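Novice: Below: one structure in structure tokens.
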There are 2 protein chains.
Amino acid sequence: MADGTGGHKVVIIGGGFGGLVAAQSLNKTPTDVTLIDRRNFHLFQPLLYQVATGALSPANIAAPLRSALKKQKNTRVVLGEVTGFDIAGKTVLLKDGARVPFDSLIVSAGSTHHYFGHNEWEEFAPGLKTIEDATEIRRRVLSAFERAERATDPTEQARLLTFVVVGGGPTGVEMAGAIRELAKYTLRADFRNINSATARVIIVEGQTRVLGAFHESLSARAKVALEEMGIEVQLDCHVTSIGAGHVLVKPDGGKGEVTRIDTETVVWAAGVKASPLGKLLADALGGVTVGRGGHVPVNPDCSVGTHPNVFVIGDLASCPDANGKPLPGVAQVAMQQGEYVAGAIVRRLKGEGPKGPFRYFDKGNMATIGRARAVAEAFGIRFSGHLAWFAWLFIHILYLARFENRVLVLFQWFFNYVTRNRAARLITGERSTDARGTK
Amino acid sequence: MADGTGGHKVVIIGGGFGGLVAAQSLNKTPTDVTLIDRRNFHLFQPLLYQVATGALSPANIAAPLRSALKKQKNTRVVLGEVTGFDIAGKTVLLKDGARVPFDSLIVSAGSTHHYFGHNEWEEFAPGLKTIEDATEIRRRVLSAFERAERATDPTEQARLLTFVVVGGGPTGVEMAGAIRELAKYTLRADFRNINSATARVIIVEGQTRVLGAFHESLSARAKVALEEMGIEVQLDCHVTSIGAGHVLVKPDGGKGEVTRIDTETVVWAAGVKASPLGKLLADALGGVTVGRGGHVPVNPDCSVGTHPNVFVIGDLASCPDANGKPLPGVAQVAMQQGEYVAGAIVRRLKGEGPKGPFRYFDKGNMATIGRARAVAEAFGIRFSGHLAWFAWLFIHILYLARFENRVLVLFQWFFNYVTRNRAARLITGERSTDARGTK
């Protein structure tokens with residue numbers, strides 16, 4: 001796999017925020033970079049919920065990795081799945097038997113859904129991590145309205161028009177807001193037998209507030225905003241079962257009476273765990289134990305254990321901040337780590353000493369709740385409402401600026417904002433949509 | 001299913017060009033319209049090849065049916081699959097057991113791929129009729145380049161970089177042109193081990209010219225344009241086998257020696273047959289026999305047999321023109337028939353006599369070959385090159401004007417034209433893309 005240029009071989013696993021930024025930061029350095037990913041595109045995950053609710057198309061929030069890196073002469077992209085690490089032989093093993101040699105290794109394989117030991121829930125409550133997840137959720141949400149339109153039994157109709165989002169973090173809040181807007185505005189005139197605006201959207205959150213990573217005052221404001229939109233927010237409420245047509249919850253921190261919510265559409269936004277590559281790497285390295293959730297503990301410079309040339313970044317890493325608290329699994333952390341690690345590798349090549357430990361520069365936190373509603377906090381300042389929403393929009397456009405299709409996204413957003421339209425509300429991926437409409 | 005408004009019940013099957021226009025033409029008439037489709041969107045099929053080659057997203061060329069008809073108070077959309085007709089009972093039967101009563105019935109169920117008795121070819125040579133077809137072809141085309149990049153055997157690499165389009169009609173010509181441009185321009189800087197511009201694109205056509213529906217001079221010009229783009233055009237050449245890794249063809253009108261083309265990617269653009277609903281309807285009506293290809297023969301007013309209240313339009317119908325030649329299966333015919341039949345129903349309700357037989361007004365024919373290359377003929381005038389391409393662009397934008405997202409399509413086209421970009425080149429729909437990269 002080496003191209004023989006003789007540069008220091010850096011292998012990056014994962015083309016998410018951390019991996020892509022690491023690769024970009026190694027442009028024009030004396031390195032020979034190989035970026036390995038299972039998919040041929042970088043995905044802007046924070047906007048995946050907009051695909052799941054028909055506002056954006058998958059291509060609007062995905063950039064082909066080759067395209068993003070095509071001008072970078074020292075970098076190649078390998079579409080492949082990593083199945084193992086040969087640390088002594090300094091080689092990454094791929095599923096097709098190929099071996100990719102490295103001098104430095106950056107693992108940025110991200111995270112996946114976590115059902116807390118209830119994998120049987122996944123069938124009924126898909127999470128939102130991939131393009132396929134998003135189009136599947138879109139299919140379920142839109143099909144539920146279609147089936148409700150056809151249903152003759154009021155009980156069935158009510159069940160079909162009930163949407164449950166498990167988890168009140170940013171993804172859950174965003175999903176719930178988008179589904180509610182879809183029901184209340186976009187679909188309003190679409191049906192003849194149902195009034196889509198009567199659809200119930202329920203957030204079930206285990207903690208005592210939504211947006212637990214934000215300041216309490218913003219959680220409170222977000223809850224008010226959600227309720228103003230007509231979303232039911234059930235806090236301190238544990239999910240005990242998800243099955244065909246229902247969700248069982250226990251309120252009062254799991255101590256209350258079990259309550260049944262009749263629903264056909266559940267979205268899982270409650271938990272993530274690290275990619276299984278974390279454990280695979282830890283085992284190959286030896287002397288490293290992944291934490292609960294599968295995260296790989298890293299040294300202050302993002303290297304792992306006694307291996308200065310092996311780095312783990314992004315969601316996969318468990319990296320303490322200056323106070324020893326683990327950093328959150330957000331894009332900003334991954335991107336900053338990608339840049340930091342690339343810099344560390346280049347400094348080392350130049351014979352320079354380390355620059356000091358990785359320090360996360362927290363630019364703030366924001367979540368959007370619906371059309372022109374958001375909460376944000378940055379540098380101790382907290383704001384909400386229109387201002388926060390415009391800040392959210394601005395920052396996302398700015399980040400999408402790395403993408404070639406940012407202008408289209410802006411255009412589509414503006415169009416959707418003005419018209420409350422969601423043109424991408426296609427039910428695709430399953431040929432017999434009608435079969436689902438039958439009982 | 002009747003809503004009790006007491007209007008004349010018109011049931012339309014199929015939300016393609018014919019069915020949608022029929023429904024729209026019945027707006028504000030004393031009818032009670034039910035449009036039944038298996039999918040929740042109208043698809044602008046002529047641009048499907050642009051989705052298959054990553055230039056447009058599915059949502060750019062699809063409009064939710066409910067959205068297109070939401071302001072039409074007398075019209076409902078039913079997402080369902082028709083499984084039978086009860087002609088005596090004036091009822092359409094749906095797969096889920098529902099029965100939809102009609103006073104007048106318009107069947108516009110369109111066409112599907114036709115492998116001329118070789119259904120085993122479908123696996124290796126998907127056609128281009130649905131969104132799923134298009135994303136599957138996109139996946140295959142892009143994956144072939146990915147696999148070629150990884151391949152070490154030159155023979156395998158050459159096979160992976162060979163793309164065969166079976167059929168030299170408008171769809172085949174457009175697909176071939178788009179694949180060639182993808183290889184030559186869009187992907188040029190993407191790979192490190194292969195030169196994507198060396199990819200072979202071959203059109204295999206059974207007739208002695210491409211674009212057989214056009215004037216011979218335009219067929220000749222189209223062939224020159226294709227060859228200038230580096231596309232190989234094999235005319236008078238019959239396909240005798242399509243299997244894993246190969247296509248076998250017999251040149252010289254099927255009388256030549258069998259030649260083997262090593263390829264991993266074949267697109268079927270050679271033939272269509274009518275939807276099986278045609279035969280189902282003919283059998284239910286009695287006394288009607290579908291033609292070769294499954295088309296339903298219709299009376300001069302598009303009604304069928306002795307049933308003045310049952311109409312078949314679009315690709316599903318075999319409708320003679322003034323000279324007795326069957327009309328082509330193009331969008332224009334379907335749309336004009338949709339409008340004509342809607343008018344005929346309304347006239348009858350008013351007690352007015354028929355307006356005369358359906359007459360197709362041929363506004364011309366055009367096919368695009370690549371960036372700024374096209375051929376067109378209208379009212380005896382034939383033109384090609386830039387002018388034809390701009391005419392093609394203008395007319396398609398005009399037709400897309402019925403869609404809410406036309407502006408975005410225009411924008412995306414312009415963007416792609418300037419940058420030769422195809423931002424939607426995502427490999428989706430199959431999780432283990434890597435598995436396909438292995439041999």
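Every chain in the structure tokens takes a letter, A first, then B, and so on in the order presented; its residues are numbered from 1, and the ligands are numbered from 1 following the presented order.
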At most 6 Å is the cut-off: for each residue in chain B with any atom that close to an atom of chain A, write down the nearest atom pair and the distance in Å rounded to one decimal, counting only C-alpha atoms, chain first then increasing number, as JSON lines.

Specialist:
{"residue": "B:Ala59", "atom": "CA", "partner": "A:Ala424", "partner_atom": "CA", "distance": 4.8}
{"residue": "B:Arg66", "atom": "CA", "partner": "A:Asp190", "partner_atom": "CA", "distance": 5.1}
{"residue": "B:Lys70", "atom": "CA", "partner": "A:Asp190", "partner_atom": "CA", "distance": 5.1}
{"residue": "B:Gly80", "atom": "CA", "partner": "A:Asp434", "partner_atom": "CA", "distance": 4.9}
{"residue": "B:Glu81", "atom": "CA", "partner": "A:Asp434", "partner_atom": "CA", "distance": 5.9}
{"residue": "B:Asp96", "atom": "CA", "partner": "A:Thr438", "partner_atom": "CA", "distance": 4.8}
{"residue": "B:Ala189", "atom": "CA", "partner": "A:Lys70", "partner_atom": "CA", "distance": 5.6}
{"residue": "B:Asp190", "atom": "CA", "partner": "A:Lys70", "partner_atom": "CA", "distance": 5.1}
{"residue": "B:Ala424", "atom": "CA", "partner": "A:Ala59", "partner_atom": "CA", "distance": 4.8}
{"residue": "B:Asp434", "atom": "CA", "partner": "A:Gly80", "partner_atom": "CA", "distance": 4.9}
{"residue": "B:Thr438", "atom": "CA", "partner": "A:Asp96", "partner_atom": "CA", "distance": 5.0}

Novice: Using DSSP secondary structure from the backbone, list all alpha helix (DSSP H) positions within stretch 246-387 of chain B, as a PyMOL selection string.

Specialist: chain B and resi 251-254+277-285+331-349+386-387

Novice: Could you pull the residues within 7 Å of stretch 152-159 of chain A, counting only C-alpha atoms, minus those fewer than 5 positions along the same chain, as a ChimeraX atom specification?

Specialist: /A:262-264

Novice: List the spatial neighbours of A:Thr31 as a VMD selection string - criterion: any atom at most 8 Å away, only C-alpha atoms, same-chain residues fewer than 3 positions off excluded.

Specialist: chain A and resid 7 to 10 26 28 74

Novice: Between B:Ala225, B:Asp103, B:Thr259, B:Gly291, which residue has the minimum interatomic distance to B:Cys237, considering only C-alpha atoms?

Specialist: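 The shortest atom-to-atom distance to B:Cys237 comes from B:Thr259.
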
Novice: Considering only C-alpha atoms, state which residue in the set B:His307, B:Gly127, B:Pro357, B:Thr289 is at the smallest distance from B:Ala322.

Specialist: B:Pro357

Novice: Env of A:Ile202: 8 Å cut, atoms = only C-alpha atoms, seq-sep filter 6 positions within chain, self excluded. Answer as a list in words.

Specialist: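 What passes the distance filter is Thr162, Phe163, Val164, Val165, Ala176, Ile231, Glu232, Val233 and Gln234 of chain A.
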
Novice: Let me make sure I understand: among A:His238, A:Lys350, A:His215, A:Lys273, which one has the smallest atom-to-atom distance to A:Asn365 if we use only C-alpha atoms?

Specialist: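 Of the candidates, the smallest distance to A:Asn365 is held by A:His215.
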
Novice: Need the shell around A:Leu285: protein/DNA/RNA residues with any atom at most 10 Å away, counting only C-alpha atoms. Skip same-chain ones fewer than 6 positions apart. Format as a list in words?

Specialist: Phe85, Asp86, Ile87, Ala88, Lys279, Val304, Gly305, Thr306, His307 and Val310 of chain A

Novice: Enumerate, as an MDAnalysis selection string, the complete set of residues in stretch 75-319 of chain A that a backbone-based DSSP assignment places in strand (DSSP E).

Specialist: chainID A and resid 75:79 82:86 91:94 99:101 104:107 111:113 162:166 200:204 231:234 238:243 246:250 259:262 265:268 272:274 296:297 303:304 307:312 317:318

Novice: At a cut-off of 9 Å, using only C-alpha atoms, what residues contact B:Gly19? Leave out same-chain residues fewer than 6 positions from it and give the result as a ChimeraX atom specification.

Specialist: /B:12-13,35,106-109,313-314,334-335,338
